[in-house]
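Peer 1: The structure file model02.cif (mmCIF, N, CA, C and O atoms) is provided below.
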```
data_query
#
loop_
_atom_site.label_atom_id
_atom_site.label_comp_id
_atom_site.auth_asym_id
_atom_site.auth_seq_id
_atom_site.Cartn_x
_atom_site.Cartn_y
_atom_site.Cartn_z
N MET A 1 -82.17 -188.29 123.37
CA MET A 1 -82.92 -189.18 122.50
C MET A 1 -82.92 -190.57 123.12
O MET A 1 -81.89 -191.07 123.53
N GLU A 2 -84.08 -191.17 123.19
CA GLU A 2 -84.23 -192.50 123.75
C GLU A 2 -84.13 -193.54 122.62
O GLU A 2 -84.75 -193.38 121.57
N LEU A 3 -83.36 -194.58 122.85
CA LEU A 3 -83.24 -195.67 121.88
C LEU A 3 -83.99 -196.88 122.39
O LEU A 3 -83.98 -197.16 123.59
N CYS A 4 -84.63 -197.59 121.49
CA CYS A 4 -85.32 -198.80 121.87
C CYS A 4 -85.30 -199.78 120.70
O CYS A 4 -85.03 -199.40 119.57
N THR A 5 -85.55 -201.03 121.00
CA THR A 5 -85.61 -202.07 119.98
C THR A 5 -87.07 -202.43 119.75
O THR A 5 -87.84 -202.59 120.70
N ARG A 6 -87.43 -202.54 118.50
CA ARG A 6 -88.81 -202.91 118.14
C ARG A 6 -88.73 -204.01 117.10
O ARG A 6 -88.04 -203.87 116.08
N ILE A 7 -89.42 -205.10 117.35
CA ILE A 7 -89.49 -206.20 116.39
C ILE A 7 -90.75 -206.02 115.57
O ILE A 7 -91.85 -205.94 116.11
N ILE A 8 -90.59 -205.92 114.25
CA ILE A 8 -91.72 -205.72 113.34
C ILE A 8 -92.01 -207.08 112.68
O ILE A 8 -91.15 -207.61 111.98
N PRO A 9 -93.20 -207.62 112.89
CA PRO A 9 -93.53 -208.90 112.25
C PRO A 9 -93.52 -208.80 110.72
O PRO A 9 -93.83 -207.74 110.16
N GLN A 10 -93.15 -209.88 110.07
CA GLN A 10 -93.13 -209.92 108.61
C GLN A 10 -94.51 -209.56 108.07
O GLN A 10 -95.53 -210.03 108.56
N GLY A 11 -94.53 -208.68 107.07
CA GLY A 11 -95.78 -208.27 106.44
C GLY A 11 -96.41 -207.03 107.05
O GLY A 11 -97.32 -206.45 106.48
N GLU A 12 -95.92 -206.61 108.22
CA GLU A 12 -96.48 -205.41 108.86
C GLU A 12 -95.85 -204.16 108.25
O GLU A 12 -94.67 -204.12 107.95
N PHE A 13 -96.65 -203.11 108.08
CA PHE A 13 -96.15 -201.84 107.57
C PHE A 13 -95.45 -201.06 108.67
O PHE A 13 -95.95 -200.99 109.79
N ILE A 14 -94.30 -200.48 108.35
CA ILE A 14 -93.64 -199.56 109.27
C ILE A 14 -94.33 -198.21 109.16
O ILE A 14 -94.67 -197.58 110.15
N PHE A 15 -94.54 -197.76 107.94
CA PHE A 15 -95.40 -196.62 107.64
C PHE A 15 -95.79 -196.72 106.18
O PHE A 15 -95.20 -197.48 105.42
N GLN A 16 -96.83 -195.98 105.80
CA GLN A 16 -97.36 -196.06 104.44
C GLN A 16 -97.21 -194.72 103.74
O GLN A 16 -97.03 -193.68 104.39
N MET A 17 -97.31 -194.76 102.41
CA MET A 17 -97.19 -193.54 101.61
C MET A 17 -98.15 -192.48 102.12
O MET A 17 -99.32 -192.75 102.40
N GLY A 18 -97.64 -191.29 102.27
CA GLY A 18 -98.44 -190.19 102.79
C GLY A 18 -98.29 -189.99 104.28
O GLY A 18 -98.57 -188.92 104.80
N ASP A 19 -97.84 -191.04 105.00
CA ASP A 19 -97.59 -190.93 106.43
C ASP A 19 -96.30 -190.14 106.64
O ASP A 19 -95.37 -190.22 105.84
N ARG A 20 -96.23 -189.42 107.72
CA ARG A 20 -94.98 -188.78 108.11
C ARG A 20 -94.35 -189.67 109.17
O ARG A 20 -94.93 -189.86 110.24
N PRO A 21 -93.18 -190.25 108.88
CA PRO A 21 -92.56 -191.12 109.87
C PRO A 21 -92.24 -190.36 111.15
O PRO A 21 -91.78 -189.23 111.10
N HIS A 22 -92.51 -190.99 112.27
CA HIS A 22 -92.25 -190.35 113.56
C HIS A 22 -91.00 -190.92 114.23
O HIS A 22 -90.62 -190.47 115.30
N TYR A 23 -90.40 -191.92 113.59
CA TYR A 23 -89.23 -192.56 114.17
C TYR A 23 -88.19 -192.83 113.09
O TYR A 23 -88.51 -192.95 111.91
N TYR A 24 -86.96 -192.96 113.53
CA TYR A 24 -85.84 -193.38 112.68
C TYR A 24 -85.62 -194.86 112.99
O TYR A 24 -85.53 -195.25 114.16
N PHE A 25 -85.59 -195.69 111.98
CA PHE A 25 -85.41 -197.14 112.16
C PHE A 25 -84.06 -197.56 111.61
O PHE A 25 -83.74 -197.28 110.45
N GLN A 26 -83.28 -198.24 112.42
CA GLN A 26 -82.02 -198.85 112.01
C GLN A 26 -82.28 -200.36 111.93
O GLN A 26 -82.74 -200.95 112.89
N ILE A 27 -82.01 -200.95 110.78
CA ILE A 27 -82.28 -202.38 110.59
C ILE A 27 -81.14 -203.18 111.21
O ILE A 27 -79.99 -203.05 110.80
N VAL A 28 -81.48 -203.96 112.22
CA VAL A 28 -80.49 -204.76 112.93
C VAL A 28 -80.45 -206.17 112.37
O VAL A 28 -79.40 -206.78 112.26
N ASN A 29 -81.61 -206.68 111.98
CA ASN A 29 -81.70 -208.05 111.48
C ASN A 29 -82.86 -208.13 110.49
O ASN A 29 -83.91 -207.55 110.74
N GLY A 30 -82.67 -208.80 109.38
CA GLY A 30 -83.73 -208.98 108.41
C GLY A 30 -83.65 -207.99 107.27
O GLY A 30 -82.63 -207.35 107.04
N ILE A 31 -84.78 -207.85 106.54
CA ILE A 31 -84.85 -206.94 105.41
C ILE A 31 -86.13 -206.12 105.49
O ILE A 31 -87.09 -206.52 106.13
N VAL A 32 -86.09 -204.97 104.83
CA VAL A 32 -87.28 -204.12 104.69
C VAL A 32 -87.45 -203.83 103.21
O VAL A 32 -86.52 -203.38 102.54
N GLU A 33 -88.63 -204.11 102.68
CA GLU A 33 -88.94 -203.79 101.29
C GLU A 33 -89.66 -202.44 101.26
O GLU A 33 -90.60 -202.22 102.00
N VAL A 34 -89.19 -201.56 100.39
CA VAL A 34 -89.84 -200.26 100.18
C VAL A 34 -90.63 -200.40 98.89
O VAL A 34 -90.05 -200.53 97.81
N ASN A 35 -91.95 -200.41 99.01
CA ASN A 35 -92.83 -200.68 97.87
C ASN A 35 -93.72 -199.49 97.55
O ASN A 35 -93.95 -198.64 98.39
N ASN A 36 -94.24 -199.51 96.33
CA ASN A 36 -95.22 -198.53 95.90
C ASN A 36 -96.18 -199.24 94.96
O ASN A 36 -96.02 -200.43 94.70
N TYR A 37 -97.16 -198.53 94.44
CA TYR A 37 -98.16 -199.13 93.56
C TYR A 37 -98.30 -198.33 92.28
O TYR A 37 -98.32 -197.09 92.30
N HIS A 38 -98.40 -199.03 91.15
CA HIS A 38 -98.72 -198.40 89.87
C HIS A 38 -100.18 -197.94 89.90
O HIS A 38 -100.97 -198.37 90.75
N THR A 39 -100.55 -197.09 88.97
CA THR A 39 -101.94 -196.63 88.90
C THR A 39 -102.90 -197.78 88.64
O THR A 39 -104.07 -197.69 88.99
N ASP A 40 -102.41 -198.89 88.05
CA ASP A 40 -103.27 -200.05 87.81
C ASP A 40 -103.39 -200.95 89.04
O ASP A 40 -104.04 -201.99 89.00
N GLY A 41 -102.75 -200.54 90.16
CA GLY A 41 -102.86 -201.29 91.41
C GLY A 41 -101.77 -202.32 91.64
O GLY A 41 -101.70 -202.92 92.71
N LYS A 42 -100.91 -202.55 90.65
CA LYS A 42 -99.84 -203.54 90.82
C LYS A 42 -98.74 -202.97 91.70
O LYS A 42 -98.31 -201.84 91.53
N GLU A 43 -98.28 -203.79 92.64
CA GLU A 43 -97.22 -203.40 93.55
C GLU A 43 -95.85 -203.55 92.88
O GLU A 43 -95.63 -204.49 92.12
N PHE A 44 -94.95 -202.62 93.17
CA PHE A 44 -93.57 -202.76 92.69
C PHE A 44 -92.61 -202.34 93.80
O PHE A 44 -92.94 -201.53 94.66
N THR A 45 -91.42 -202.94 93.79
CA THR A 45 -90.42 -202.69 94.82
C THR A 45 -89.49 -201.57 94.39
O THR A 45 -88.91 -201.62 93.31
N LEU A 46 -89.37 -200.54 95.24
CA LEU A 46 -88.47 -199.43 95.00
C LEU A 46 -87.07 -199.74 95.50
O LEU A 46 -86.08 -199.32 94.91
N ASN A 47 -86.99 -200.44 96.63
CA ASN A 47 -85.71 -200.71 97.25
C ASN A 47 -85.86 -201.86 98.24
O ASN A 47 -86.95 -202.10 98.74
N ILE A 48 -84.76 -202.54 98.51
CA ILE A 48 -84.71 -203.56 99.56
C ILE A 48 -83.58 -203.17 100.49
O ILE A 48 -82.43 -203.04 100.06
N LEU A 49 -83.91 -202.92 101.75
CA LEU A 49 -82.94 -202.49 102.74
C LEU A 49 -82.56 -203.68 103.61
O LEU A 49 -83.41 -204.52 103.93
N THR A 50 -81.29 -203.75 104.01
CA THR A 50 -80.81 -204.87 104.82
C THR A 50 -80.10 -204.37 106.07
O THR A 50 -80.05 -203.17 106.33
N GLU A 51 -79.55 -205.30 106.82
CA GLU A 51 -78.88 -204.99 108.08
C GLU A 51 -77.89 -203.84 107.93
O GLU A 51 -77.14 -203.76 106.97
N GLY A 52 -77.96 -202.90 108.87
CA GLY A 52 -77.07 -201.75 108.87
C GLY A 52 -77.62 -200.54 108.14
O GLY A 52 -77.10 -199.44 108.29
N GLN A 53 -78.67 -200.73 107.35
CA GLN A 53 -79.30 -199.60 106.66
C GLN A 53 -80.42 -199.03 107.52
O GLN A 53 -80.78 -199.60 108.55
N SER A 54 -80.96 -197.90 107.11
CA SER A 54 -81.98 -197.24 107.92
C SER A 54 -83.12 -196.72 107.05
O SER A 54 -82.99 -196.60 105.84
N ILE A 55 -84.22 -196.41 107.72
CA ILE A 55 -85.39 -195.84 107.06
C ILE A 55 -86.03 -194.83 108.02
O ILE A 55 -85.96 -194.99 109.23
N GLY A 56 -86.61 -193.79 107.46
CA GLY A 56 -87.23 -192.75 108.29
C GLY A 56 -86.27 -191.67 108.67
O GLY A 56 -86.57 -190.82 109.51
N GLY A 57 -85.09 -191.63 108.06
CA GLY A 57 -84.06 -190.66 108.42
C GLY A 57 -84.39 -189.23 108.09
O GLY A 57 -83.80 -188.32 108.66
N ARG A 58 -85.34 -188.99 107.21
CA ARG A 58 -85.69 -187.61 106.83
C ARG A 58 -86.33 -186.84 107.98
O ARG A 58 -86.43 -185.63 107.92
N ILE A 59 -86.77 -187.55 109.00
CA ILE A 59 -87.42 -186.85 110.12
C ILE A 59 -86.42 -186.20 111.05
O ILE A 59 -86.78 -185.37 111.85
N ILE A 60 -85.15 -186.59 110.94
CA ILE A 60 -84.15 -186.05 111.85
C ILE A 60 -83.68 -184.69 111.33
O ILE A 60 -83.20 -184.56 110.22
N THR A 61 -83.87 -183.68 112.15
CA THR A 61 -83.43 -182.33 111.79
C THR A 61 -82.58 -181.78 112.93
O THR A 61 -82.75 -182.13 114.08
N PHE A 62 -81.69 -180.91 112.56
CA PHE A 62 -80.81 -180.31 113.57
C PHE A 62 -81.07 -178.84 113.66
O PHE A 62 -81.42 -178.17 112.78
#
```
The structure in this file should be written as structure tokens.

Peer 2:
Amino acid sequence: MELCTRIIPQGEFIFQMGDRPHYYFQIVNGIVEVNNYHTDGKEFTLNILTEGQSIGGRIITF
């Protein structure tokens, strides 16, 4: 497995609902907001991830 560092600019999506993540992301610095939308279109926050946490881990299978 190859490891690399990727800087994601603020406001950029890592992936969106319905996408299948292709990478496992470990947060080294900053925060990641996990958001969704109500049927009326209003955005709400499901979770806020910080340094040391990860996202996209469901793609890893053994």

Peer 1: Which residues, written as a list of chain:residue names, have at least one atom at most 9 Å from Glu33 in chain A, with only C-alpha atoms counted and residues fewer than 3 positions away on the same chain left out?

Peer 2: A:Thr45, A:Leu46, A:Asn47, A:Ile48, A:Leu49, A:Thr50

Peer 1: So which residues touch Tyr24 in chain A within 7 Å, counting only C-alpha atoms, skipping near sequence neighbours fewer than 5 positions away, as a list in words?

Peer 2: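 Listing them by chain and then by number gives Ile55, Gly56 and Gly57 of chain A.
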
Peer 1: Evaluate the PyMOL selection byres (((chain A and resi 28-31 and name CA) around 12) and name CA) here and jot the selected residues down as a list in words.

Peer 2: Cys4, Thr5, Arg6, Ile7, Ile8, Pro9, Gln10, Gly11, Phe25, Gln26, Ile27, Val32, Glu33, Val34, Asn47, Ile48, Leu49, Thr50, Glu51, Gly52, Gln53, Ser54 and Ile55 of chain A

Peer 1: Figure out the distance between CA of Glu43 in chain A and CA of Asp19 in chain A, please, to one decimal in Å.

Peer 2: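 Rounded to one decimal, the two atoms are 17.9 Å apart.
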
Peer 1: Taking the partial coordinates given, rebuild range 14-25 of chain A to contain all heavy atoms; return it as a PDB file, keeping the file's coordinate frame.

Peer 2:
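Listing of out.pdb after writing:
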```
ATOM      1  N   ILE A  14     -94.300-200.480 108.350  1.00  0.00           N
ATOM      2  CA  ILE A  14     -93.640-199.560 109.270  1.00  0.00           C
ATOM      3  C   ILE A  14     -94.330-198.210 109.160  1.00  0.00           C
ATOM      4  O   ILE A  14     -94.670-197.580 110.150  1.00  0.00           O
ATOM      5  CB  ILE A  14     -92.134-199.448 108.958  1.00  0.00           C
ATOM      6  CG1 ILE A  14     -91.470-200.818 109.167  1.00  0.00           C
ATOM      7  CG2 ILE A  14     -91.472-198.386 109.827  1.00  0.00           C
ATOM      8  CD1 ILE A  14     -90.032-200.878 108.723  1.00  0.00           C
ATOM      9  N   PHE A  15     -94.540-197.760 107.940  1.00  0.00           N
ATOM     10  CA  PHE A  15     -95.400-196.620 107.640  1.00  0.00           C
ATOM     11  C   PHE A  15     -95.790-196.720 106.180  1.00  0.00           C
ATOM     12  O   PHE A  15     -95.200-197.480 105.420  1.00  0.00           O
ATOM     13  CB  PHE A  15     -94.758-195.258 107.969  1.00  0.00           C
ATOM     14  CG  PHE A  15     -93.367-195.064 107.444  1.00  0.00           C
ATOM     15  CD1 PHE A  15     -93.153-194.624 106.155  1.00  0.00           C
ATOM     16  CD2 PHE A  15     -92.276-195.297 108.248  1.00  0.00           C
ATOM     17  CE1 PHE A  15     -91.872-194.434 105.671  1.00  0.00           C
ATOM     18  CE2 PHE A  15     -90.987-195.105 107.787  1.00  0.00           C
ATOM     19  CZ  PHE A  15     -90.788-194.680 106.488  1.00  0.00           C
ATOM     20  N   GLN A  16     -96.830-195.980 105.800  1.00  0.00           N
ATOM     21  CA  GLN A  16     -97.360-196.060 104.440  1.00  0.00           C
ATOM     22  C   GLN A  16     -97.210-194.720 103.740  1.00  0.00           C
ATOM     23  O   GLN A  16     -97.030-193.680 104.390  1.00  0.00           O
ATOM     24  CB  GLN A  16     -98.831-196.480 104.468  1.00  0.00           C
ATOM     25  CG  GLN A  16     -99.006-197.876 105.024  1.00  0.00           C
ATOM     26  CD  GLN A  16    -100.461-198.286 105.058  1.00  0.00           C
ATOM     27  OE1 GLN A  16    -101.344-197.487 105.293  1.00  0.00           O
ATOM     28  NE2 GLN A  16    -100.699-199.557 104.824  1.00  0.00           N
ATOM     29  N   MET A  17     -97.310-194.760 102.410  1.00  0.00           N
ATOM     30  CA  MET A  17     -97.190-193.540 101.610  1.00  0.00           C
ATOM     31  C   MET A  17     -98.150-192.480 102.120  1.00  0.00           C
ATOM     32  O   MET A  17     -99.320-192.750 102.400  1.00  0.00           O
ATOM     33  CB  MET A  17     -97.485-193.858 100.143  1.00  0.00           C
ATOM     34  CG  MET A  17     -97.208-192.718  99.221  1.00  0.00           C
ATOM     35  SD  MET A  17     -97.354-193.300  97.535  1.00  0.00           S
ATOM     36  CE  MET A  17     -97.466-191.772  96.686  1.00  0.00           C
ATOM     37  N   GLY A  18     -97.640-191.290 102.270  1.00  0.00           N
ATOM     38  CA  GLY A  18     -98.440-190.190 102.790  1.00  0.00           C
ATOM     39  C   GLY A  18     -98.290-189.990 104.280  1.00  0.00           C
ATOM     40  O   GLY A  18     -98.570-188.920 104.800  1.00  0.00           O
ATOM     41  N   ASP A  19     -97.840-191.040 105.000  1.00  0.00           N
ATOM     42  CA  ASP A  19     -97.590-190.930 106.430  1.00  0.00           C
ATOM     43  C   ASP A  19     -96.300-190.140 106.640  1.00  0.00           C
ATOM     44  O   ASP A  19     -95.370-190.220 105.840  1.00  0.00           O
ATOM     45  CB  ASP A  19     -97.395-192.296 107.094  1.00  0.00           C
ATOM     46  CG  ASP A  19     -98.663-193.114 107.161  1.00  0.00           C
ATOM     47  OD1 ASP A  19     -99.747-192.557 106.915  1.00  0.00           O
ATOM     48  OD2 ASP A  19     -98.555-194.321 107.460  1.00  0.00           O
ATOM     49  N   ARG A  20     -96.230-189.420 107.720  1.00  0.00           N
ATOM     50  CA  ARG A  20     -94.980-188.780 108.110  1.00  0.00           C
ATOM     51  C   ARG A  20     -94.350-189.670 109.170  1.00  0.00           C
ATOM     52  O   ARG A  20     -94.930-189.860 110.240  1.00  0.00           O
ATOM     53  CB  ARG A  20     -95.229-187.397 108.678  1.00  0.00           C
ATOM     54  CG  ARG A  20     -93.934-186.726 109.058  1.00  0.00           C
ATOM     55  CD  ARG A  20     -94.122-185.250 109.322  1.00  0.00           C
ATOM     56  NE  ARG A  20     -92.808-184.689 109.545  1.00  0.00           N
ATOM     57  CZ  ARG A  20     -92.504-183.982 110.603  1.00  0.00           C
ATOM     58  NH1 ARG A  20     -93.409-183.712 111.512  1.00  0.00           N
ATOM     59  NH2 ARG A  20     -91.283-183.513 110.746  1.00  0.00           N
ATOM     60  N   PRO A  21     -93.180-190.250 108.880  1.00  0.00           N
ATOM     61  CA  PRO A  21     -92.560-191.120 109.870  1.00  0.00           C
ATOM     62  C   PRO A  21     -92.240-190.360 111.150  1.00  0.00           C
ATOM     63  O   PRO A  21     -91.780-189.230 111.100  1.00  0.00           O
ATOM     64  CB  PRO A  21     -91.272-191.600 109.198  1.00  0.00           C
ATOM     65  CG  PRO A  21     -91.271-191.067 107.826  1.00  0.00           C
ATOM     66  CD  PRO A  21     -92.380-190.095 107.674  1.00  0.00           C
ATOM     67  N   HIS A  22     -92.510-190.990 112.270  1.00  0.00           N
ATOM     68  CA  HIS A  22     -92.250-190.350 113.560  1.00  0.00           C
ATOM     69  C   HIS A  22     -91.000-190.920 114.230  1.00  0.00           C
ATOM     70  O   HIS A  22     -90.620-190.470 115.300  1.00  0.00           O
ATOM     71  CB  HIS A  22     -93.446-190.522 114.484  1.00  0.00           C
ATOM     72  CG  HIS A  22     -94.666-189.827 113.970  1.00  0.00           C
ATOM     73  ND1 HIS A  22     -94.834-188.462 114.056  1.00  0.00           N
ATOM     74  CD2 HIS A  22     -95.751-190.292 113.335  1.00  0.00           C
ATOM     75  CE1 HIS A  22     -95.987-188.121 113.499  1.00  0.00           C
ATOM     76  NE2 HIS A  22     -96.558-189.215 113.053  1.00  0.00           N
ATOM     77  N   TYR A  23     -90.400-191.920 113.590  1.00  0.00           N
ATOM     78  CA  TYR A  23     -89.230-192.560 114.170  1.00  0.00           C
ATOM     79  C   TYR A  23     -88.190-192.830 113.090  1.00  0.00           C
ATOM     80  O   TYR A  23     -88.510-192.950 111.910  1.00  0.00           O
ATOM     81  CB  TYR A  23     -89.601-193.903 114.820  1.00  0.00           C
ATOM     82  CG  TYR A  23     -90.610-193.754 115.917  1.00  0.00           C
ATOM     83  CD1 TYR A  23     -91.962-193.977 115.685  1.00  0.00           C
ATOM     84  CD2 TYR A  23     -90.214-193.369 117.197  1.00  0.00           C
ATOM     85  CE1 TYR A  23     -92.892-193.827 116.695  1.00  0.00           C
ATOM     86  CE2 TYR A  23     -91.144-193.215 118.213  1.00  0.00           C
ATOM     87  CZ  TYR A  23     -92.476-193.449 117.953  1.00  0.00           C
ATOM     88  OH  TYR A  23     -93.389-193.300 118.944  1.00  0.00           O
ATOM     89  N   TYR A  24     -86.960-192.960 113.530  1.00  0.00           N
ATOM     90  CA  TYR A  24     -85.840-193.380 112.680  1.00  0.00           C
ATOM     91  C   TYR A  24     -85.620-194.860 112.990  1.00  0.00           C
ATOM     92  O   TYR A  24     -85.530-195.250 114.160  1.00  0.00           O
ATOM     93  CB  TYR A  24     -84.602-192.553 113.056  1.00  0.00           C
ATOM     94  CG  TYR A  24     -83.308-193.099 112.524  1.00  0.00           C
ATOM     95  CD1 TYR A  24     -82.889-192.788 111.239  1.00  0.00           C
ATOM     96  CD2 TYR A  24     -82.495-193.912 113.304  1.00  0.00           C
ATOM     97  CE1 TYR A  24     -81.689-193.274 110.741  1.00  0.00           C
ATOM     98  CE2 TYR A  24     -81.296-194.396 112.820  1.00  0.00           C
ATOM     99  CZ  TYR A  24     -80.908-194.078 111.547  1.00  0.00           C
ATOM    100  OH  TYR A  24     -79.733-194.558 111.054  1.00  0.00           O
ATOM    101  N   PHE A  25     -85.590-195.690 111.980  1.00  0.00           N
ATOM    102  CA  PHE A  25     -85.410-197.140 112.160  1.00  0.00           C
ATOM    103  C   PHE A  25     -84.060-197.560 111.610  1.00  0.00           C
ATOM    104  O   PHE A  25     -83.740-197.280 110.450  1.00  0.00           O
ATOM    105  CB  PHE A  25     -86.499-197.920 111.428  1.00  0.00           C
ATOM    106  CG  PHE A  25     -87.869-197.749 112.028  1.00  0.00           C
ATOM    107  CD1 PHE A  25     -88.709-196.750 111.587  1.00  0.00           C
ATOM    108  CD2 PHE A  25     -88.308-198.598 113.027  1.00  0.00           C
ATOM    109  CE1 PHE A  25     -89.965-196.588 112.123  1.00  0.00           C
ATOM    110  CE2 PHE A  25     -89.569-198.445 113.579  1.00  0.00           C
ATOM    111  CZ  PHE A  25     -90.400-197.439 113.128  1.00  0.00           C
TER     112      PHE A  25
END
```
